Amino acid sequence: MTNATAASDVRVRFCPSPTGNPHVGLVRTALFNWAYARHTGGTMVFRIEDTDAARDSEESYQQLLDAMRWLGLDWDEGPEVGGPHAPYRQSERTEIYADVARRLLESGHAYRCYCTAEELDKRREAARRENRPSGYDGACRDLTPEQVAAYEAEGRTSIVRFRMPDEPITFTDLVRGELTFAPEHVSDYGIVRANGAALYTLVNPVDDALMEITHVLRGEDLLSSTPRQIALYRALAELGVGAGHTPVFAHLPYVMGEGNKKLSKRDPESSLNLYRERGFLPEGLLNYLSLLGWSISEDRDIFSVDELVAAFDVRDVNANPARFDLKKCEAINATHLRELPVADFAAACAPWLQAPYAPWSPENFDQAGFDALAPLAQTRLTVLSDITANVDFLFLDEPVEDQKSWQKAMKPGADALLRTAGEKLALSGWTADELKAAVLAAGEEHGLKLGKAQAPVRVAVTGRTVGLPLFESLEVLGRERTLARIDAALAKLSG
């Protein structure tokens with residue numbers, strides 16, 4: 001057996017199943033594989049594990065490809081790219097698996113198991129009662145030809161099981177160090193269903209071998225299957241299947257959600273689509289996900305994808321579970337938004353300035369007005385979708401109706417303040433500084449500081465108590481529309 005160690009020869013694989021929507025745990029796995037391949041100058045193989053016809057879907061397959069493209073995680077071999085080990089969808093490789101299964105049977109590395117589900121359940125239950133390991137007990141390991149004939153005469157069907165070695169399996173995990181699994185805890189396992197369909201337990205190692213994968217970076221939940229796969233890699237090497245080496249493993253820590261539970265596909269914050277719809281930047285999301293088990297340095301959380309690639313070594317991944325913190329994820333994304341050139345920020349906002357996100361008519365959108373406000377918005381946004389509510393006052397015929405904001409700002413005396421502010425604004429020049437001076441003067445006449453004085457004006461004009469800097473917003477909105485909205489608010493207060 002050989003272990004691949006040369007950095008230039010690193011070959012990793014990302015091999016998701018096309019079931020449901022991509023989730024952040026899956027993305028973290030893809031990111032670490034991609035970053036390690038790019039850091040070492042190696043090869044990223046993108047492989048689709050779509051052998052479960054009942055659960056796999058073409059829609060999910062397309063979502064996976066789209067997600068990888070959106071994130072910027074390119075691949076060197078795989079769907080739409082091709083490569084020397086095509087095809088890269090397991091549903092198109094069934095003949096390969098059937099041939100390998102046949103060779104494993106003929107060589108004695110595998111055998112046919114005729115145990116029924118009922119028999120297996122009874123024996124497992126008995127083992128549990130006696131505090132023995134409850135894995136497969138090897139009942140069909142050494143059947144005689146007569147026993148096989150008798151089972152088949154009964155009409156029993158058989159699966160194919162891989163024969164595990166009767167000795168411990170030890171390997172060094174790049175994240176967890178040296179691990180040993182005793183044979184009594186790793187029983188023979190199924191690799192082919194009774195209908196002849198190859199199981200994940202076979203196809204995954206076979207594809208790794210044939211595609212010459214050198215490093216397997218995957219979730220901790222798959223750790224218990226590793227000794228089984230190592231035994232199979234060794235058997236495949238004996239049969240001359242693939243590159244002849246056992247990959248190096250690195251099992252990535254769990255991503256935890258609320259209540260010290262592993263983040264589940266069913267948890268709302270796990271869906272990648274959520275982050276795309278809210279307007280996270282790919283680089284912001286990848287920055288945060290890379291921190292789930294790894295860090296670029298003890299005192300630094302913000303970095304670019306290029307900096308991640310330059311620094312990433314899977315040996316630096318922490319084995320302890322990582323907690324997903326949505327607030328921190330948002331804060332990191334906000335930092336990346338602020339670091340964009342203004343023109344790039346404005347361009348990134350474009351999807352949220354039109355249907356179905358924008359509540360205004362397309363003809364009301366004013367690009368020049370938006371461009372004037374974009375630098376102000378950029379310093380305040382957490383995610384791109386926030387832009388809609390921050391600039392809607394500029395493109396709506398009337399400001400939004402937010403009852404909480406109205407009740408908070410329009411307290412007794414607000415009408416008098418608004419009337420004075422309207423009079424002074426009507427006579428003011430129309431720069432932000434002049435507008436601020438006018439509202440300040442109106443507030444002084446009513447014994448109010450600027451903060452209290454501008455609140456009714458803000459709600460009258462924008463509909464909300466919070467938003468972009470008020471006086472710059474009024475400057476862009478214009479004299480006529482600003483004064484008309486103050487008049488409308490006064491009419492509402494008097495009604």
# chains A, B, ... in the order shown; residues from 1 in each chain; ligands from 1
$ select_by_dssp --residues "segment 122-368 of chain A" --states "strand (DSSP E or B)" --output "NGL selection string"
:A and (159-162 or 169-173 or 177-181 or 189-192 or 198 or 215-219 or 245 or 248-252 or 255-256 or 262 or 271 or 297 or 300 or 322-323)
$ select_by_dssp --residues "segment 182-321 of chain A" --states "helix (DSSP H, G or I)" --output "MDAnalysis selection string"
chainID A and resid 183:185 200:210 220:238 258:260 268:270 272:278 282:290 305:311 314:316
$ residues_around --residues "Glu184 of chain A" --least-positions-apart "6" --cutoff "12 Å" --atoms "only C-alpha atoms" --output "VMD selection string"
chain A and resid 132 to 138 164 to 169 227
$ write_last_selection --atoms "N, CA and C atoms" --output "short mmCIF file (atom, residue, chain, number, x, y, z; two decimals), in the first residue's frame"
data_model
loop_
_atom_site.label_atom_id
_atom_site.label_comp_id
_atom_site.auth_asym_id
_atom_site.auth_seq_id
_atom_site.Cartn_x
_atom_site.Cartn_y
_atom_site.Cartn_z
N ARG A 132 -23.55 -7.57 23.25
CA ARG A 132 -22.57 -7.87 22.21
C ARG A 132 -22.73 -6.88 21.07
N PRO A 133 -21.68 -6.68 20.24
CA PRO A 133 -21.84 -5.82 19.06
C PRO A 133 -22.99 -6.33 18.20
N SER A 134 -23.81 -5.42 17.71
CA SER A 134 -25.02 -5.84 17.00
C SER A 134 -24.91 -5.75 15.49
N GLY A 135 -23.67 -5.60 14.98
CA GLY A 135 -23.50 -5.62 13.54
C GLY A 135 -23.70 -7.00 12.95
N TYR A 136 -23.54 -7.11 11.66
CA TYR A 136 -23.77 -8.40 11.01
C TYR A 136 -22.85 -9.47 11.60
N ASP A 137 -23.42 -10.64 11.89
CA ASP A 137 -22.69 -11.69 12.61
C ASP A 137 -21.97 -12.69 11.73
N GLY A 138 -21.95 -12.45 10.42
CA GLY A 138 -21.19 -13.33 9.52
C GLY A 138 -21.85 -14.66 9.23
N MET A 164 -14.95 -8.10 5.73
CA MET A 164 -13.98 -7.29 6.46
C MET A 164 -12.87 -8.18 7.02
N PRO A 165 -11.64 -7.67 7.08
CA PRO A 165 -10.54 -8.45 7.66
C PRO A 165 -10.73 -8.64 9.16
N ASP A 166 -10.24 -9.76 9.67
CA ASP A 166 -10.36 -10.06 11.10
C ASP A 166 -9.18 -9.47 11.87
N GLU A 167 -8.94 -8.21 11.68
CA GLU A 167 -7.83 -7.53 12.37
C GLU A 167 -8.17 -6.05 12.47
N PRO A 168 -7.57 -5.36 13.42
CA PRO A 168 -7.85 -3.93 13.57
C PRO A 168 -7.42 -3.14 12.33
N ILE A 169 -8.10 -2.05 12.11
CA ILE A 169 -7.73 -1.13 11.03
C ILE A 169 -7.35 0.20 11.66
N PRO A 227 -13.17 2.77 8.25
CA PRO A 227 -12.46 1.49 8.21
C PRO A 227 -13.01 0.54 7.17
#
$ closest_residue --among "A:Leu381, A:Leu373, A:Ala98, A:Ala53" --to "Val476 of chain A" --atoms "only C-alpha atoms"
A:Leu373
$ residues_around --residues "Ala460 of chain A" --least-positions-apart "6" --cutoff "9 Å" --atoms "only C-alpha atoms" --output "JSON, numbers by chain"
{"A": [399, 406, 410, 418, 482, 485, 486, 487, 488, 489, 490]}
$ write_last_selection --atoms "N, CA and C atoms" --output "short mmCIF file (atom, residue, chain, number, x, y, z; two decimals), in the first residue's frame"
data_model
loop_
_atom_site.label_atom_id
_atom_site.label_comp_id
_atom_site.auth_asym_id
_atom_site.auth_seq_id
_atom_site.Cartn_x
_atom_site.Cartn_y
_atom_site.Cartn_z
N PRO A 399 -44.65 57.42 0.53
CA PRO A 399 -43.82 56.58 1.42
C PRO A 399 -44.63 55.39 1.95
N TRP A 406 -44.89 55.45 12.58
CA TRP A 406 -45.76 56.62 12.67
C TRP A 406 -46.09 56.92 14.14
N MET A 410 -44.87 60.44 15.53
CA MET A 410 -45.92 61.46 15.47
C MET A 410 -46.65 61.61 16.81
N LEU A 418 -43.66 69.77 12.34
CA LEU A 418 -43.65 69.52 10.89
C LEU A 418 -44.02 70.79 10.12
N THR A 482 -40.42 66.34 -1.31
CA THR A 482 -40.25 66.42 0.14
C THR A 482 -41.36 67.24 0.78
N ARG A 485 -44.81 65.59 0.75
CA ARG A 485 -44.97 64.52 1.73
C ARG A 485 -45.17 65.09 3.14
N ILE A 486 -44.51 66.18 3.44
CA ILE A 486 -44.74 66.83 4.73
C ILE A 486 -46.18 67.34 4.81
N ASP A 487 -46.67 67.93 3.70
CA ASP A 487 -48.07 68.38 3.67
C ASP A 487 -49.03 67.21 3.86
N ALA A 488 -48.72 66.07 3.23
CA ALA A 488 -49.60 64.90 3.35
C ALA A 488 -49.62 64.38 4.78
N ALA A 489 -48.49 64.41 5.45
CA ALA A 489 -48.41 63.96 6.84
C ALA A 489 -49.21 64.91 7.74
N LEU A 490 -49.13 66.21 7.47
CA LEU A 490 -49.89 67.18 8.26
C LEU A 490 -51.40 66.97 8.07
#
$ atom_distance --atom1 "atom CA of Trp294 of chain A" --atom2 "atom CA of His39 of chain A"
14.6 Å
$ atom_distance --atom1 "atom CA of Ala243 of chain A" --atom2 "atom CA of Leu199 of chain A"
21.4 Å
$ closest_residue --among "A:Ala374, A:Val391, A:Val12, A:Leu417" --to "Phe249 of chain A" --atoms "only C-alpha atoms"
A:Val12
$ closest_residue --among "A:Ala153, A:Gly20, A:Cys349, A:Gln90" --to "Ser57 of chain A" --atoms "only C-alpha atoms"
A:Gly20
$ atom_distance --atom1 "atom CA of Leu450 of chain A" --atom2 "atom CA of Thr462 of chain A"
17.3 Å
$ residues_around --residues "Asp433 of chain A" --least-positions-apart "3" --cutoff "12 Å" --atoms "only C-alpha atoms" --output "list in words"
Leu425, Ser428, Gly429, Trp430, Lys436, Ala437, Ala438, Val439, Leu440, Pro469, Leu470, Phe471, Glu472, Ser473, Leu474 and Glu475 of chain A
$ write_last_selection --atoms "N, CA and C atoms" --output "PDB file, in the first residue's frame"
ATOM      1  N   LEU A 425     -37.905  74.550   5.345  1.00  0.00           N
ATOM      2  CA  LEU A 425     -37.358  73.801   4.208  1.00  0.00           C
ATOM      3  C   LEU A 425     -37.754  74.459   2.887  1.00  0.00           C
ATOM      4  N   SER A 428     -35.315  77.100   2.206  1.00  0.00           N
ATOM      5  CA  SER A 428     -33.905  76.709   2.321  1.00  0.00           C
ATOM      6  C   SER A 428     -33.287  76.412   0.966  1.00  0.00           C
ATOM      7  N   GLY A 429     -31.977  76.536   0.914  1.00  0.00           N
ATOM      8  CA  GLY A 429     -31.260  75.927  -0.192  1.00  0.00           C
ATOM      9  C   GLY A 429     -31.407  74.413  -0.101  1.00  0.00           C
ATOM     10  N   TRP A 430     -30.982  73.691  -1.170  1.00  0.00           N
ATOM     11  CA  TRP A 430     -31.303  72.253  -1.166  1.00  0.00           C
ATOM     12  C   TRP A 430     -30.042  71.367  -1.184  1.00  0.00           C
ATOM     13  N   LYS A 436     -30.240  70.319   6.799  1.00  0.00           N
ATOM     14  CA  LYS A 436     -30.005  70.035   8.214  1.00  0.00           C
ATOM     15  C   LYS A 436     -30.175  71.305   9.053  1.00  0.00           C
ATOM     16  N   ALA A 437     -29.660  72.400   8.566  1.00  0.00           N
ATOM     17  CA  ALA A 437     -29.767  73.667   9.296  1.00  0.00           C
ATOM     18  C   ALA A 437     -31.226  74.095   9.433  1.00  0.00           C
ATOM     19  N   ALA A 438     -32.027  73.843   8.382  1.00  0.00           N
ATOM     20  CA  ALA A 438     -33.435  74.227   8.420  1.00  0.00           C
ATOM     21  C   ALA A 438     -34.191  73.421   9.465  1.00  0.00           C
ATOM     22  N   VAL A 439     -33.965  72.115   9.520  1.00  0.00           N
ATOM     23  CA  VAL A 439     -34.666  71.267  10.493  1.00  0.00           C
ATOM     24  C   VAL A 439     -34.157  71.565  11.903  1.00  0.00           C
ATOM     25  N   LEU A 440     -32.882  71.844  12.034  1.00  0.00           N
ATOM     26  CA  LEU A 440     -32.324  72.206  13.341  1.00  0.00           C
ATOM     27  C   LEU A 440     -32.987  73.478  13.868  1.00  0.00           C
ATOM     28  N   PRO A 469     -29.033  58.393   5.880  1.00  0.00           N
ATOM     29  CA  PRO A 469     -28.936  59.751   6.432  1.00  0.00           C
ATOM     30  C   PRO A 469     -30.026  60.647   5.843  1.00  0.00           C
ATOM     31  N   LEU A 470     -30.773  61.292   6.731  1.00  0.00           N
ATOM     32  CA  LEU A 470     -31.990  61.978   6.308  1.00  0.00           C
ATOM     33  C   LEU A 470     -31.725  63.112   5.318  1.00  0.00           C
ATOM     34  N   PHE A 471     -30.770  63.971   5.610  1.00  0.00           N
ATOM     35  CA  PHE A 471     -30.649  65.196   4.812  1.00  0.00           C
ATOM     36  C   PHE A 471     -30.072  64.903   3.426  1.00  0.00           C
ATOM     37  N   GLU A 472     -29.190  63.948   3.330  1.00  0.00           N
ATOM     38  CA  GLU A 472     -28.714  63.514   2.010  1.00  0.00           C
ATOM     39  C   GLU A 472     -29.869  62.891   1.227  1.00  0.00           C
ATOM     40  N   SER A 473     -30.755  62.161   1.948  1.00  0.00           N
ATOM     41  CA  SER A 473     -31.915  61.545   1.292  1.00  0.00           C
ATOM     42  C   SER A 473     -32.863  62.612   0.757  1.00  0.00           C
ATOM     43  N   LEU A 474     -33.105  63.672   1.564  1.00  0.00           N
ATOM     44  CA  LEU A 474     -33.982  64.757   1.110  1.00  0.00           C
ATOM     45  C   LEU A 474     -33.386  65.480  -0.099  1.00  0.00           C
ATOM     46  N   GLU A 475     -32.080  65.632  -0.070  1.00  0.00           N
ATOM     47  CA  GLU A 475     -31.414  66.299  -1.197  1.00  0.00           C
ATOM     48  C   GLU A 475     -31.676  65.552  -2.500  1.00  0.00           C
TER      49      GLU A 475
END
